[in-house]
>>> print(open('work03.txt').read())   # compact mmCIF, C-alpha atoms
# COMPACT_ATOMS: atom_id res chain seq x y z
CA MET H 24 -76.93 -10.89 75.00
CA GLU H 25 -75.47 -13.92 76.74
CA GLN H 26 -74.20 -15.15 73.39
CA PHE H 27 -72.57 -11.80 72.72
CA LEU H 28 -70.81 -11.81 76.09
CA ALA H 29 -69.43 -15.27 75.40
CA GLN H 30 -68.20 -14.08 72.01
CA LEU H 31 -66.68 -11.01 73.61
CA ALA H 32 -64.77 -13.22 76.06
CA VAL H 33 -63.41 -15.30 73.18
CA PHE H 34 -62.46 -12.12 71.34
CA VAL H 35 -60.51 -10.68 74.25
CA VAL H 36 -58.66 -13.92 74.99
CA ALA H 37 -57.84 -14.41 71.30
CA ALA H 38 -56.52 -10.86 71.12
CA PHE H 39 -54.11 -11.45 73.99
CA LEU H 40 -53.13 -14.78 72.52
CA GLY H 41 -52.36 -13.26 69.13
CA TRP H 42 -50.31 -10.56 70.82
CA GLU H 43 -48.30 -13.08 72.84
CA LEU H 44 -47.79 -15.46 69.92
CA ILE H 45 -45.70 -13.00 67.95
CA SER H 46 -42.91 -11.83 70.14
CA ARG H 47 -39.17 -12.03 69.59
CA VAL H 48 -39.43 -13.43 66.10
CA PRO H 49 -36.27 -13.35 63.97
CA ASN H 50 -36.42 -10.67 61.25
CA LEU H 51 -36.01 -13.38 58.66
CA LEU H 52 -39.46 -14.70 59.49
CA HIS H 53 -41.37 -11.41 59.43
CA THR H 54 -42.54 -11.74 55.86
CA PRO H 55 -43.50 -15.45 56.06
CA LEU H 56 -45.39 -14.76 59.29
CA MET H 57 -47.25 -11.92 57.66
CA SER H 58 -48.02 -14.16 54.72
CA ALA H 59 -49.20 -17.08 56.88
CA THR H 60 -51.42 -14.95 59.09
CA ASN H 61 -52.73 -13.41 55.88
CA ALA H 62 -53.79 -16.90 54.81
CA ILE H 63 -55.37 -17.55 58.21
CA HIS H 64 -57.70 -14.57 57.94
CA GLY H 65 -58.87 -16.25 54.75
CA VAL H 66 -61.10 -18.02 57.26
CA ILE H 67 -63.48 -15.28 56.12
CA LEU H 68 -64.36 -17.87 53.46
CA VAL H 69 -66.43 -19.53 56.20
CA GLY H 70 -68.49 -16.34 56.39
CA GLY H 71 -68.87 -16.25 52.62
CA MET H 72 -70.18 -19.81 52.60
CA ILE H 73 -72.72 -19.03 55.31
CA ALA H 74 -73.86 -15.81 53.62
CA LEU H 75 -74.19 -17.47 50.21
CA SER H 76 -76.11 -20.42 51.66
CA GLU H 77 -78.78 -18.20 53.17
CA SER H 78 -79.15 -15.75 50.29
CA THR H 79 -82.48 -15.63 48.44
CA ASN H 80 -82.03 -12.42 46.46
CA PRO H 81 -80.19 -12.76 43.10
CA ALA H 82 -78.16 -9.56 43.55
CA ILE H 83 -77.09 -10.59 47.05
CA THR H 84 -76.28 -14.06 45.77
CA ALA H 85 -73.96 -12.45 43.24
CA VAL H 86 -72.32 -10.39 45.99
CA CYS H 87 -71.82 -13.52 48.10
CA PHE H 88 -70.50 -15.44 45.11
CA VAL H 89 -67.76 -12.84 44.74
CA ALA H 90 -67.12 -13.03 48.50
CA VAL H 91 -66.63 -16.80 48.34
CA PHE H 92 -64.36 -16.38 45.31
CA PHE H 93 -62.31 -13.77 47.20
CA GLY H 94 -62.16 -15.92 50.32
CA ALA H 95 -60.98 -19.01 48.47
CA LEU H 96 -58.38 -16.91 46.64
CA ASN H 97 -57.16 -15.59 49.99
CA VAL H 98 -56.91 -19.06 51.55
CA VAL H 99 -55.34 -21.01 48.70
CA GLY H 100 -53.09 -18.23 47.42
CA GLY H 101 -52.06 -17.30 50.96
CA PHE H 102 -51.00 -20.74 52.14
CA TRP H 103 -49.47 -21.64 48.78
CA VAL H 104 -47.30 -18.55 48.52
CA THR H 105 -46.20 -18.94 52.17
CA ASN H 106 -45.18 -22.50 51.46
CA ARG H 107 -43.09 -21.37 48.49
CA MET H 108 -41.54 -18.61 50.56
CA LEU H 109 -40.58 -21.04 53.31
CA GLY H 110 -39.27 -23.48 50.75
CA MET H 111 -36.34 -21.10 50.48
CA PHE H 112 -35.34 -22.00 54.03
CA ALA H 113 -34.93 -25.65 53.11
CA PRO H 114 -32.77 -27.73 52.85
CA PRO H 115 -32.00 -27.54 56.57
CA ARG H 116 -29.70 -24.75 57.74
CA ARG H 117 -28.70 -23.76 54.23
CA ARG H 118 -30.07 -20.36 53.43
CA VAL H 119 -29.64 -20.04 49.72
CA ARG H 120 -30.65 -16.46 49.26
CA ARG H 121 -31.36 -13.69 51.66
CA ARG H 122 -34.48 -11.90 50.70
CA LYS H 123 -35.54 -8.47 51.74
CA GLY H 124 -39.27 -8.21 52.43
CA MET D 28 -74.69 -24.74 66.54
CA GLN D 29 -74.20 -28.44 66.97
CA ALA D 30 -71.55 -29.74 69.30
CA ALA D 31 -69.67 -31.55 66.53
CA THR D 32 -69.18 -28.46 64.37
CA PHE D 33 -68.27 -26.42 67.44
CA LEU D 34 -65.58 -28.94 68.37
CA ALA D 35 -64.31 -28.97 64.79
CA TYR D 36 -63.99 -25.17 64.94
CA LEU D 37 -62.14 -25.52 68.22
CA ALA D 38 -59.72 -27.98 66.65
CA ALA D 39 -59.20 -25.60 63.72
CA ALA D 40 -58.46 -22.73 66.11
CA ALA D 41 -55.95 -24.89 67.99
CA LEU D 42 -54.21 -25.79 64.73
CA PHE D 43 -54.01 -22.10 63.76
CA ILE D 44 -52.28 -21.37 67.06
CA VAL D 45 -49.87 -24.33 66.82
CA GLY D 46 -49.15 -23.33 63.21
CA ILE D 47 -48.25 -19.77 64.14
CA ARG D 48 -46.10 -21.01 67.01
CA ARG D 49 -44.09 -23.19 64.65
CA LEU D 50 -43.75 -20.29 62.25
CA ARG D 51 -41.57 -18.50 64.79
CA ARG D 52 -38.55 -20.68 64.06
CA PRO D 53 -37.01 -21.23 60.62
CA GLU D 54 -36.62 -24.98 61.17
CA THR D 55 -40.29 -25.58 61.90
CA ALA D 56 -41.82 -22.75 59.91
CA ARG D 57 -42.86 -24.74 56.87
CA SER D 58 -44.62 -27.40 58.91
CA GLY D 59 -46.34 -24.60 60.81
CA ASN D 60 -47.82 -23.33 57.58
CA THR D 61 -49.05 -26.83 56.71
CA ILE D 62 -50.60 -27.23 60.15
CA ALA D 63 -52.44 -23.92 59.86
CA ALA D 64 -53.67 -24.94 56.40
CA THR D 65 -54.96 -28.20 57.88
CA GLY D 66 -56.87 -26.21 60.47
CA MET D 67 -58.38 -24.17 57.66
CA ALA D 68 -59.50 -27.32 55.84
CA ILE D 69 -61.18 -28.59 59.00
CA ALA D 70 -62.96 -25.26 59.52
CA LEU D 71 -64.24 -25.27 55.94
CA VAL D 72 -65.52 -28.85 56.07
CA ALA D 73 -67.24 -28.13 59.40
CA THR D 74 -68.91 -25.12 57.80
CA LEU D 75 -70.48 -27.38 55.17
CA PHE D 76 -72.34 -29.04 58.04
CA VAL D 77 -73.23 -25.69 59.58
CA ILE D 78 -74.95 -24.59 56.36
CA GLU D 79 -76.39 -28.09 55.87
CA PHE D 80 -75.02 -28.23 52.33
CA ARG D 81 -77.36 -25.52 51.05
CA GLY D 82 -76.21 -23.64 47.97
CA LEU D 83 -73.39 -26.10 47.57
CA LEU D 84 -73.24 -25.81 43.79
CA LEU D 85 -72.68 -22.04 43.80
CA ILE D 86 -70.30 -22.21 46.74
CA GLY D 87 -68.31 -24.97 45.08
CA ALA D 88 -68.12 -23.09 41.80
CA ALA D 89 -66.99 -19.82 43.40
CA ALA D 90 -64.51 -21.55 45.69
CA LEU D 91 -63.10 -23.63 42.86
CA ILE D 92 -62.45 -20.57 40.69
CA GLY D 93 -60.88 -18.78 43.64
CA ALA D 94 -58.72 -21.77 44.53
CA VAL D 95 -57.48 -22.21 40.96
CA VAL D 96 -56.68 -18.52 40.57
CA GLY D 97 -54.96 -18.54 43.97
CA ALA D 98 -52.89 -21.65 43.28
CA VAL D 99 -51.81 -20.59 39.80
CA SER D 100 -50.90 -17.04 40.85
CA ALA D 101 -49.04 -18.26 43.95
CA GLN D 102 -47.10 -20.81 41.92
CA LYS D 103 -46.18 -18.42 39.11
CA VAL D 104 -45.25 -15.32 41.08
CA LYS D 105 -41.57 -14.49 41.15
CA MET D 106 -39.82 -14.63 44.52
CA THR D 107 -39.13 -10.91 44.33
CA ALA D 108 -42.78 -10.11 43.66
CA MET D 109 -44.12 -11.97 46.70
CA PRO D 110 -44.88 -8.95 48.92
CA GLN D 111 -47.33 -7.54 46.39
CA MET D 112 -48.88 -10.98 45.96
CA VAL D 113 -49.47 -11.11 49.71
CA ALA D 114 -51.02 -7.65 49.41
CA ALA D 115 -53.37 -8.94 46.72
CA TYR D 116 -54.48 -11.95 48.76
CA ASN D 117 -54.92 -9.74 51.79
CA GLY D 118 -57.00 -7.26 49.82
CA VAL D 119 -59.45 -9.85 48.54
CA GLY D 120 -59.85 -11.15 52.10
CA GLY D 121 -60.85 -7.67 53.23
CA GLY D 122 -63.13 -7.32 50.22
CA ALA D 123 -64.81 -10.60 51.10
CA ALA D 124 -65.46 -9.41 54.66
CA ALA D 125 -67.02 -6.18 53.39
CA LEU D 126 -69.26 -8.00 50.91
CA ILE D 127 -70.38 -10.54 53.52
CA ALA D 128 -71.31 -7.73 55.90
CA LEU D 129 -73.20 -6.00 53.10
CA SER D 130 -75.23 -9.11 52.34
CA GLU D 131 -75.86 -9.70 56.02
CA PHE D 132 -77.17 -6.15 56.39
CA TYR D 133 -79.62 -6.79 53.58
CA HIS D 134 -80.59 -10.07 55.22
CA LEU D 135 -81.31 -8.34 58.55
CA GLN D 136 -83.28 -5.60 56.80
CA THR D 137 -85.53 -7.99 54.92
CA THR D 138 -86.17 -10.30 57.85
CA GLY D 139 -86.80 -7.27 60.06
CA GLU D 140 -84.68 -8.68 62.86
CA GLN D 141 -83.53 -6.12 65.40
CA ASP D 142 -79.98 -6.88 66.36
CA LEU D 143 -78.05 -4.09 68.03
CA ILE D 144 -74.71 -5.87 67.88
CA ALA D 145 -75.03 -6.73 64.21
CA SER D 146 -76.10 -3.21 63.32
CA VAL D 147 -72.90 -1.83 64.85
CA THR D 148 -70.53 -4.51 63.58
CA VAL D 149 -71.88 -4.51 60.00
CA PRO D 150 -70.78 -0.95 59.12
CA LEU D 151 -67.54 -1.54 61.02
CA THR D 152 -66.79 -4.66 58.99
CA ILE D 153 -67.60 -2.85 55.75
CA LEU D 154 -65.36 0.08 56.70
CA ILE D 155 -62.32 -1.98 57.74
CA GLY D 156 -62.72 -4.55 54.97
CA SER D 157 -63.07 -1.95 52.23
CA VAL D 158 -60.13 0.12 53.46
CA SER D 159 -58.05 -3.06 53.49
CA PHE D 160 -59.21 -3.99 49.99
CA ALA D 161 -58.51 -0.60 48.42
CA GLY D 162 -55.32 -0.02 50.40
CA SER D 163 -53.95 -3.41 49.40
CA ALA D 164 -54.84 -2.76 45.78
CA ILE D 165 -52.81 0.47 45.88
CA ALA D 166 -49.95 -1.32 47.65
CA PHE D 167 -50.00 -3.94 44.90
CA LEU D 168 -49.94 -1.30 42.15
CA LYS D 169 -47.09 0.56 43.86
CA LEU D 170 -44.90 -2.50 44.34
CA GLN D 171 -45.68 -3.78 40.87
CA GLU D 172 -44.74 -0.27 39.70
CA VAL D 173 -47.88 0.01 37.64
CA ALA D 174 -49.16 3.24 39.20
CA PHE D 175 -48.84 5.59 42.17
CA THR D 176 -45.13 4.86 42.49
CA GLY D 177 -43.41 7.02 45.05
CA SER D 178 -45.46 9.36 47.18
CA VAL D 179 -48.66 10.80 45.74
CA SER D 180 -50.07 13.66 47.73
CA PHE D 181 -52.30 16.67 47.25
CA PRO D 182 -53.05 19.77 49.32
CA LEU D 183 -55.09 19.34 52.50
CA GLN D 184 -54.90 15.56 52.17
CA GLN D 185 -55.26 14.98 55.91
CA VAL D 186 -58.29 17.26 56.07
CA VAL D 187 -59.93 15.47 53.14
CA ASN D 188 -59.27 12.09 54.81
CA ALA D 189 -60.73 13.28 58.10
CA LEU D 190 -63.85 14.68 56.42
CA LEU D 191 -64.29 11.50 54.44
CA PHE D 192 -64.04 9.47 57.63
CA LEU D 193 -66.67 11.65 59.30
CA GLY D 194 -68.89 11.21 56.26
CA ILE D 195 -68.53 7.44 56.56
CA LEU D 196 -69.53 7.59 60.23
CA LEU D 197 -72.57 9.69 59.28
CA LEU D 198 -73.62 7.25 56.55
CA ALA D 199 -73.10 4.32 58.91
CA ALA D 200 -75.23 5.98 61.59
CA ASN D 201 -77.89 6.66 58.99
CA ALA D 202 -77.90 3.00 57.99
CA VAL D 203 -78.11 1.79 61.58
CA LEU D 204 -80.91 4.20 62.48
CA GLY D 205 -82.96 3.16 59.47
CA GLY D 206 -82.46 6.31 57.39
CA GLU D 207 -83.43 8.81 60.08
CA ILE D 208 -80.52 11.17 59.55
CA ILE D 209 -80.70 11.39 55.77
CA PRO D 210 -84.33 10.56 54.95
CA SER D 211 -83.72 10.36 51.20
CA LEU D 212 -81.15 7.62 51.68
CA PRO D 213 -82.60 4.22 52.64
CA PRO D 214 -80.51 1.96 54.91
CA VAL D 215 -79.31 -0.48 52.24
CA ALA D 216 -78.24 2.35 49.92
CA SER D 217 -76.55 3.90 52.92
CA VAL D 218 -74.34 0.87 53.64
CA VAL D 219 -73.47 0.65 49.94
CA ALA D 220 -72.37 4.28 50.24
CA VAL D 221 -70.31 3.36 53.32
CA LEU D 222 -68.59 0.71 51.23
CA ALA D 223 -67.88 3.09 48.34
CA ALA D 224 -66.61 5.87 50.59
CA SER D 225 -64.41 3.43 52.53
CA LEU D 226 -62.83 2.26 49.29
CA VAL D 227 -61.94 5.87 48.49
CA LEU D 228 -60.56 6.32 52.01
CA GLY D 229 -58.38 3.22 51.59
CA VAL D 230 -56.92 4.66 48.38
CA LEU D 231 -56.31 8.10 49.88
CA VAL D 232 -54.62 6.74 53.00
CA VAL D 233 -52.12 4.59 51.12
CA ILE D 234 -51.20 6.69 48.04
CA PRO D 235 -48.93 9.14 49.94
CA ILE D 236 -46.82 6.32 51.40
CA GLY D 237 -43.66 5.47 49.48
CA GLY D 238 -42.86 2.06 48.06
CA ALA D 239 -40.12 1.31 50.60
CA ASP D 240 -42.66 1.42 53.41
CA MET D 241 -45.13 -0.84 51.62
CA PRO D 242 -44.27 -4.09 53.47
CA ILE D 243 -45.16 -2.37 56.74
CA VAL D 244 -48.39 -1.01 55.26
CA ILE D 245 -49.29 -4.46 53.95
CA SER D 246 -48.68 -5.91 57.40
CA LEU D 247 -50.97 -3.32 58.94
CA LEU D 248 -53.67 -3.95 56.35
CA ASN D 249 -53.25 -7.65 57.10
CA ALA D 250 -54.15 -6.92 60.71
CA PHE D 251 -57.09 -4.86 59.45
CA THR D 252 -58.45 -7.74 57.41
CA GLY D 253 -58.10 -9.97 60.48
CA LEU D 254 -60.19 -7.50 62.46
CA ALA D 255 -62.75 -7.32 59.67
CA ALA D 256 -63.02 -11.11 59.71
CA ALA D 257 -63.45 -11.06 63.50
CA ALA D 258 -66.15 -8.38 63.23
CA SER D 259 -67.98 -10.44 60.64
CA GLY D 260 -67.81 -13.32 63.13
CA PHE D 261 -69.87 -11.20 65.53
CA VAL D 262 -72.34 -10.48 62.73
CA LEU D 263 -72.71 -14.14 61.77
CA ASN D 264 -72.35 -15.55 65.32
CA ASN D 265 -69.47 -17.70 64.17
CA TYR D 266 -66.67 -18.58 66.56
CA ILE D 267 -63.97 -19.60 64.12
CA LEU D 268 -64.29 -16.24 62.37
CA ILE D 269 -63.93 -14.45 65.70
CA ILE D 270 -60.96 -16.54 66.84
CA GLY D 271 -59.10 -16.69 63.52
CA GLY D 272 -59.75 -13.05 62.73
CA THR D 273 -58.78 -11.77 66.16
CA ILE D 274 -55.55 -13.76 66.32
CA VAL D 275 -54.52 -12.28 62.97
CA GLY D 276 -55.68 -8.83 64.00
CA ALA D 277 -53.60 -8.88 67.18
CA SER D 278 -50.54 -10.70 65.87
CA GLY D 279 -50.63 -8.56 62.73
CA THR D 280 -50.54 -5.39 64.80
CA ILE D 281 -47.50 -6.44 66.80
CA LEU D 282 -45.83 -7.84 63.70
CA THR D 283 -46.28 -4.46 62.04
CA ARG D 284 -44.49 -2.83 64.96
CA LEU D 285 -41.69 -5.40 64.87
CA MET D 286 -41.23 -4.89 61.15
CA SER D 287 -41.14 -1.12 61.34
CA SER D 288 -38.55 -1.20 64.12
CA ALA D 289 -36.50 -3.84 62.29
CA LEU D 290 -36.48 -1.64 59.20
CA GLY D 291 -35.83 1.43 61.32
CA ARG D 292 -38.90 3.28 60.13
CA PRO D 293 -41.07 4.87 62.82
CA PHE D 294 -44.52 3.39 62.58
CA GLY D 295 -46.50 6.53 63.42
CA LYS D 296 -44.63 8.54 60.87
CA ILE D 297 -45.48 6.15 58.07
CA ILE D 298 -49.15 5.97 58.82
CA PHE D 299 -49.98 9.51 59.82
CA ALA D 300 -47.50 11.73 58.09
CA GLY D 301 -47.48 10.20 54.65
CA ILE D 302 -46.05 13.50 53.56
CA ALA D 303 -42.47 12.44 54.09
CA ALA D 304 -41.90 11.08 50.62
CA SER D 305 -39.58 8.15 50.93
CA GLY D 306 -39.61 7.16 47.28
CA THR D 307 -37.01 4.53 46.61
CA GLY D 308 -34.95 5.18 49.74
CA LYS D 309 -34.07 2.10 51.74
>>> encode(input="work03.txt", output="structure tokens")
Amino acid sequence: MEQFLAQLAVFVVAAFLGWELISRVPNLLHTPLMSATNAIHGVILVGGMIALSESTNPAITAVCFVAVFFGALNVVGGFWVTNRMLGMFAPPRRRVRRRKG
Amino acid sequence: MQAATFLAYLAAAALFIVGIRRLRRPETARSGNTIAATGMAIALVATLFVIEFRGLLLIGAAALIGAVVGAVSAQKVKMTAMPQMVAAYNGVGGGAAALIALSEFYHLQTTGEQDLIASVTVPLTILIGSVSFAGSAIAFLKLQEVAFTGSVSFPLQQVVNALLFLGILLLAANAVLGGEIIPSLPPVASVVAVLAASLVLGVLVVIPIGGADMPIVISLLNAFTGLAAAASGFVLNNYILIIGGTIVGASGTILTRLMSSALGRPFGKIIFAGIAASGTGK
């Protein structure tokens, strides 16, 4: 129970933090921000690794294998595509194309 | 958990936050993305120590395939097709959360551990993750103009969705209570049914929404996947999942609101009406 309460405290603080982090962002950055936070929730890969490491049943191992595959896809694809998206903002101050999200 | 891995998770969380902060300005945005990615790398390496390198071969194989597919698809996608690519990556994240919760439910069942918190958060993770997976898949198909383009609706859609949601709650309760509500359905089969029904719900919720509103829907589903990741953190007692997932869940929610007001499309209308076919209108 004590552990849960500590986790709950972290959850509540993180929720407020996430809320505060994104305020008054220029419209231009909406899509990259969505894409970057999308990559960050790829942290679910951590869960996939833990689940796969403790699996003893073949069917569950297969399920976890897919989960790790999905998680890695989320992380690598997410950060990579965000990087490409933001590459459009460089070189400094010269916006080549305006893109609608 | 050992102090070293805990501190590594803490460092990863800090880098996520610094990364997002830098993403708020065009000049620093790209470095922000790199910083967040560094945090992710730290979290993943720390996890190797948490699991004490068990099952490394399978994990490595699955992660390698995922990383290659992710890198190649992200590199090849056209600039104009990026929103649907984000939808795809978001969907698989939600799918991963659902599958992890499923396996964890099985794990708890076989070990016979009684864990009230896990038994509530497992069905929740499966529900949110599956809705995000299926919804993102539909968003991808719509934006790619493969299927479901425009608004797809049928009579009594809202009623069907509501009944389906109630059914999911019933199945979830049955799973948590060890099959007491529906005796013919054992708990593990019951959570598999929750997963299947949630996938259907995800499809039904997104098909009536027109393509022009898809970026907003993807943003919302992004927040959903964040929440699913956070919920799975409660299941697995893992802090980086709780922190990372929650930050995305909260920032994704407010980002969705910002986007819908920037595009001049009322948020509630998009999500709940779905009837107002927007088609190609901008």
>>> interface_residues(input="work03.txt", of="chain H", to="chain D", cutoff="6 Å", atoms="all atoms listed in the file", output="PyMOL selection string")
chain H and resi 37-38+41-42+45+48+60-61+64-65+67+71+76+83+88+90-97+99-100+103-104+109
>>> atom_distance(input="work03.txt", atom1="atom CA of Ile153 of chain D", atom2="atom CA of Ala220 of chain D")
10.2 Å
>>> atom_distance(input="work03.txt", atom1="atom CA of Val218 of chain D", atom2="atom CA of Lys169 of chain D")
29.0 Å
>>> atom_distance(input="work03.txt", atom1="atom CA of Met57 of chain H", atom2="atom CA of Ala29 of chain H")
28.6 Å
>>> closest_residue(input="work03.txt", among="D:Leu228, D:Ile62, D:Val219, D:Leu34", to="Asn106 of chain H", atoms="all atoms listed in the file")
D:Ile62
>>> build_atoms(input="work03.txt", residues="segment 84-93 of chain H", atoms="all heavy atoms", output="PDB file, in the frame of the given file")
ATOM      1  N   THR H  84     -76.976 -12.822  46.103  1.00  0.00           N
ATOM      2  CA  THR H  84     -76.280 -14.060  45.770  1.00  0.00           C
ATOM      3  C   THR H  84     -75.013 -13.763  44.972  1.00  0.00           C
ATOM      4  O   THR H  84     -73.958 -14.355  45.212  1.00  0.00           O
ATOM      5  CB  THR H  84     -77.209 -14.998  44.975  1.00  0.00           C
ATOM      6  OG1 THR H  84     -78.373 -15.246  45.751  1.00  0.00           O
ATOM      7  CG2 THR H  84     -76.531 -16.314  44.672  1.00  0.00           C
ATOM      8  N   ALA H  85     -75.134 -12.824  44.037  1.00  0.00           N
ATOM      9  CA  ALA H  85     -73.960 -12.450  43.240  1.00  0.00           C
ATOM     10  C   ALA H  85     -72.863 -11.855  44.124  1.00  0.00           C
ATOM     11  O   ALA H  85     -71.676 -12.183  43.979  1.00  0.00           O
ATOM     12  CB  ALA H  85     -74.370 -11.452  42.160  1.00  0.00           C
ATOM     13  N   VAL H  86     -73.283 -10.993  45.052  1.00  0.00           N
ATOM     14  CA  VAL H  86     -72.320 -10.390  45.990  1.00  0.00           C
ATOM     15  C   VAL H  86     -71.611 -11.476  46.795  1.00  0.00           C
ATOM     16  O   VAL H  86     -70.383 -11.475  46.940  1.00  0.00           O
ATOM     17  CB  VAL H  86     -73.042  -9.387  46.925  1.00  0.00           C
ATOM     18  CG1 VAL H  86     -72.153  -9.000  48.102  1.00  0.00           C
ATOM     19  CG2 VAL H  86     -73.448  -8.140  46.158  1.00  0.00           C
ATOM     20  N   CYS H  87     -72.399 -12.444  47.283  1.00  0.00           N
ATOM     21  CA  CYS H  87     -71.820 -13.520  48.100  1.00  0.00           C
ATOM     22  C   CYS H  87     -70.942 -14.440  47.261  1.00  0.00           C
ATOM     23  O   CYS H  87     -69.946 -14.978  47.760  1.00  0.00           O
ATOM     24  CB  CYS H  87     -72.924 -14.317  48.771  1.00  0.00           C
ATOM     25  SG  CYS H  87     -73.866 -13.370  49.948  1.00  0.00           S
ATOM     26  N   PHE H  88     -71.318 -14.618  46.013  1.00  0.00           N
ATOM     27  CA  PHE H  88     -70.500 -15.440  45.110  1.00  0.00           C
ATOM     28  C   PHE H  88     -69.097 -14.844  45.007  1.00  0.00           C
ATOM     29  O   PHE H  88     -68.085 -15.542  45.114  1.00  0.00           O
ATOM     30  CB  PHE H  88     -71.172 -15.503  43.728  1.00  0.00           C
ATOM     31  CG  PHE H  88     -70.531 -16.470  42.777  1.00  0.00           C
ATOM     32  CD1 PHE H  88     -70.914 -17.806  42.761  1.00  0.00           C
ATOM     33  CD2 PHE H  88     -69.539 -16.063  41.886  1.00  0.00           C
ATOM     34  CE1 PHE H  88     -70.335 -18.712  41.891  1.00  0.00           C
ATOM     35  CE2 PHE H  88     -68.943 -16.959  41.015  1.00  0.00           C
ATOM     36  CZ  PHE H  88     -69.345 -18.297  41.016  1.00  0.00           C
ATOM     37  N   VAL H  89     -69.058 -13.521  44.815  1.00  0.00           N
ATOM     38  CA  VAL H  89     -67.760 -12.840  44.740  1.00  0.00           C
ATOM     39  C   VAL H  89     -67.012 -12.989  46.071  1.00  0.00           C
ATOM     40  O   VAL H  89     -65.796 -13.218  46.093  1.00  0.00           O
ATOM     41  CB  VAL H  89     -67.946 -11.342  44.389  1.00  0.00           C
ATOM     42  CG1 VAL H  89     -66.613 -10.608  44.412  1.00  0.00           C
ATOM     43  CG2 VAL H  89     -68.595 -11.200  43.027  1.00  0.00           C
ATOM     44  N   ALA H  90     -67.758 -12.908  47.184  1.00  0.00           N
ATOM     45  CA  ALA H  90     -67.120 -13.030  48.500  1.00  0.00           C
ATOM     46  C   ALA H  90     -66.477 -14.410  48.671  1.00  0.00           C
ATOM     47  O   ALA H  90     -65.359 -14.527  49.175  1.00  0.00           O
ATOM     48  CB  ALA H  90     -68.137 -12.772  49.609  1.00  0.00           C
ATOM     49  N   VAL H  91     -67.185 -15.456  48.232  1.00  0.00           N
ATOM     50  CA  VAL H  91     -66.630 -16.800  48.340  1.00  0.00           C
ATOM     51  C   VAL H  91     -65.406 -16.939  47.432  1.00  0.00           C
ATOM     52  O   VAL H  91     -64.376 -17.505  47.825  1.00  0.00           O
ATOM     53  CB  VAL H  91     -67.694 -17.872  47.988  1.00  0.00           C
ATOM     54  CG1 VAL H  91     -67.065 -19.250  47.887  1.00  0.00           C
ATOM     55  CG2 VAL H  91     -68.795 -17.882  49.024  1.00  0.00           C
ATOM     56  N   PHE H  92     -65.508 -16.383  46.222  1.00  0.00           N
ATOM     57  CA  PHE H  92     -64.360 -16.380  45.310  1.00  0.00           C
ATOM     58  C   PHE H  92     -63.151 -15.701  45.966  1.00  0.00           C
ATOM     59  O   PHE H  92     -62.041 -16.250  45.999  1.00  0.00           O
ATOM     60  CB  PHE H  92     -64.742 -15.680  44.005  1.00  0.00           C
ATOM     61  CG  PHE H  92     -63.584 -15.280  43.139  1.00  0.00           C
ATOM     62  CD1 PHE H  92     -62.832 -16.237  42.478  1.00  0.00           C
ATOM     63  CD2 PHE H  92     -63.228 -13.943  43.003  1.00  0.00           C
ATOM     64  CE1 PHE H  92     -61.754 -15.871  41.685  1.00  0.00           C
ATOM     65  CE2 PHE H  92     -62.156 -13.570  42.216  1.00  0.00           C
ATOM     66  CZ  PHE H  92     -61.407 -14.535  41.556  1.00  0.00           C
ATOM     67  N   PHE H  93     -63.378 -14.517  46.531  1.00  0.00           N
ATOM     68  CA  PHE H  93     -62.310 -13.770  47.200  1.00  0.00           C
ATOM     69  C   PHE H  93     -61.722 -14.584  48.363  1.00  0.00           C
ATOM     70  O   PHE H  93     -60.503 -14.661  48.527  1.00  0.00           O
ATOM     71  CB  PHE H  93     -62.859 -12.446  47.755  1.00  0.00           C
ATOM     72  CG  PHE H  93     -62.911 -11.326  46.746  1.00  0.00           C
ATOM     73  CD1 PHE H  93     -63.448 -10.087  47.100  1.00  0.00           C
ATOM     74  CD2 PHE H  93     -62.432 -11.487  45.457  1.00  0.00           C
ATOM     75  CE1 PHE H  93     -63.501  -9.035  46.194  1.00  0.00           C
ATOM     76  CE2 PHE H  93     -62.483 -10.446  44.537  1.00  0.00           C
ATOM     77  CZ  PHE H  93     -63.024  -9.213  44.912  1.00  0.00           C
TER      78      PHE H  93
END
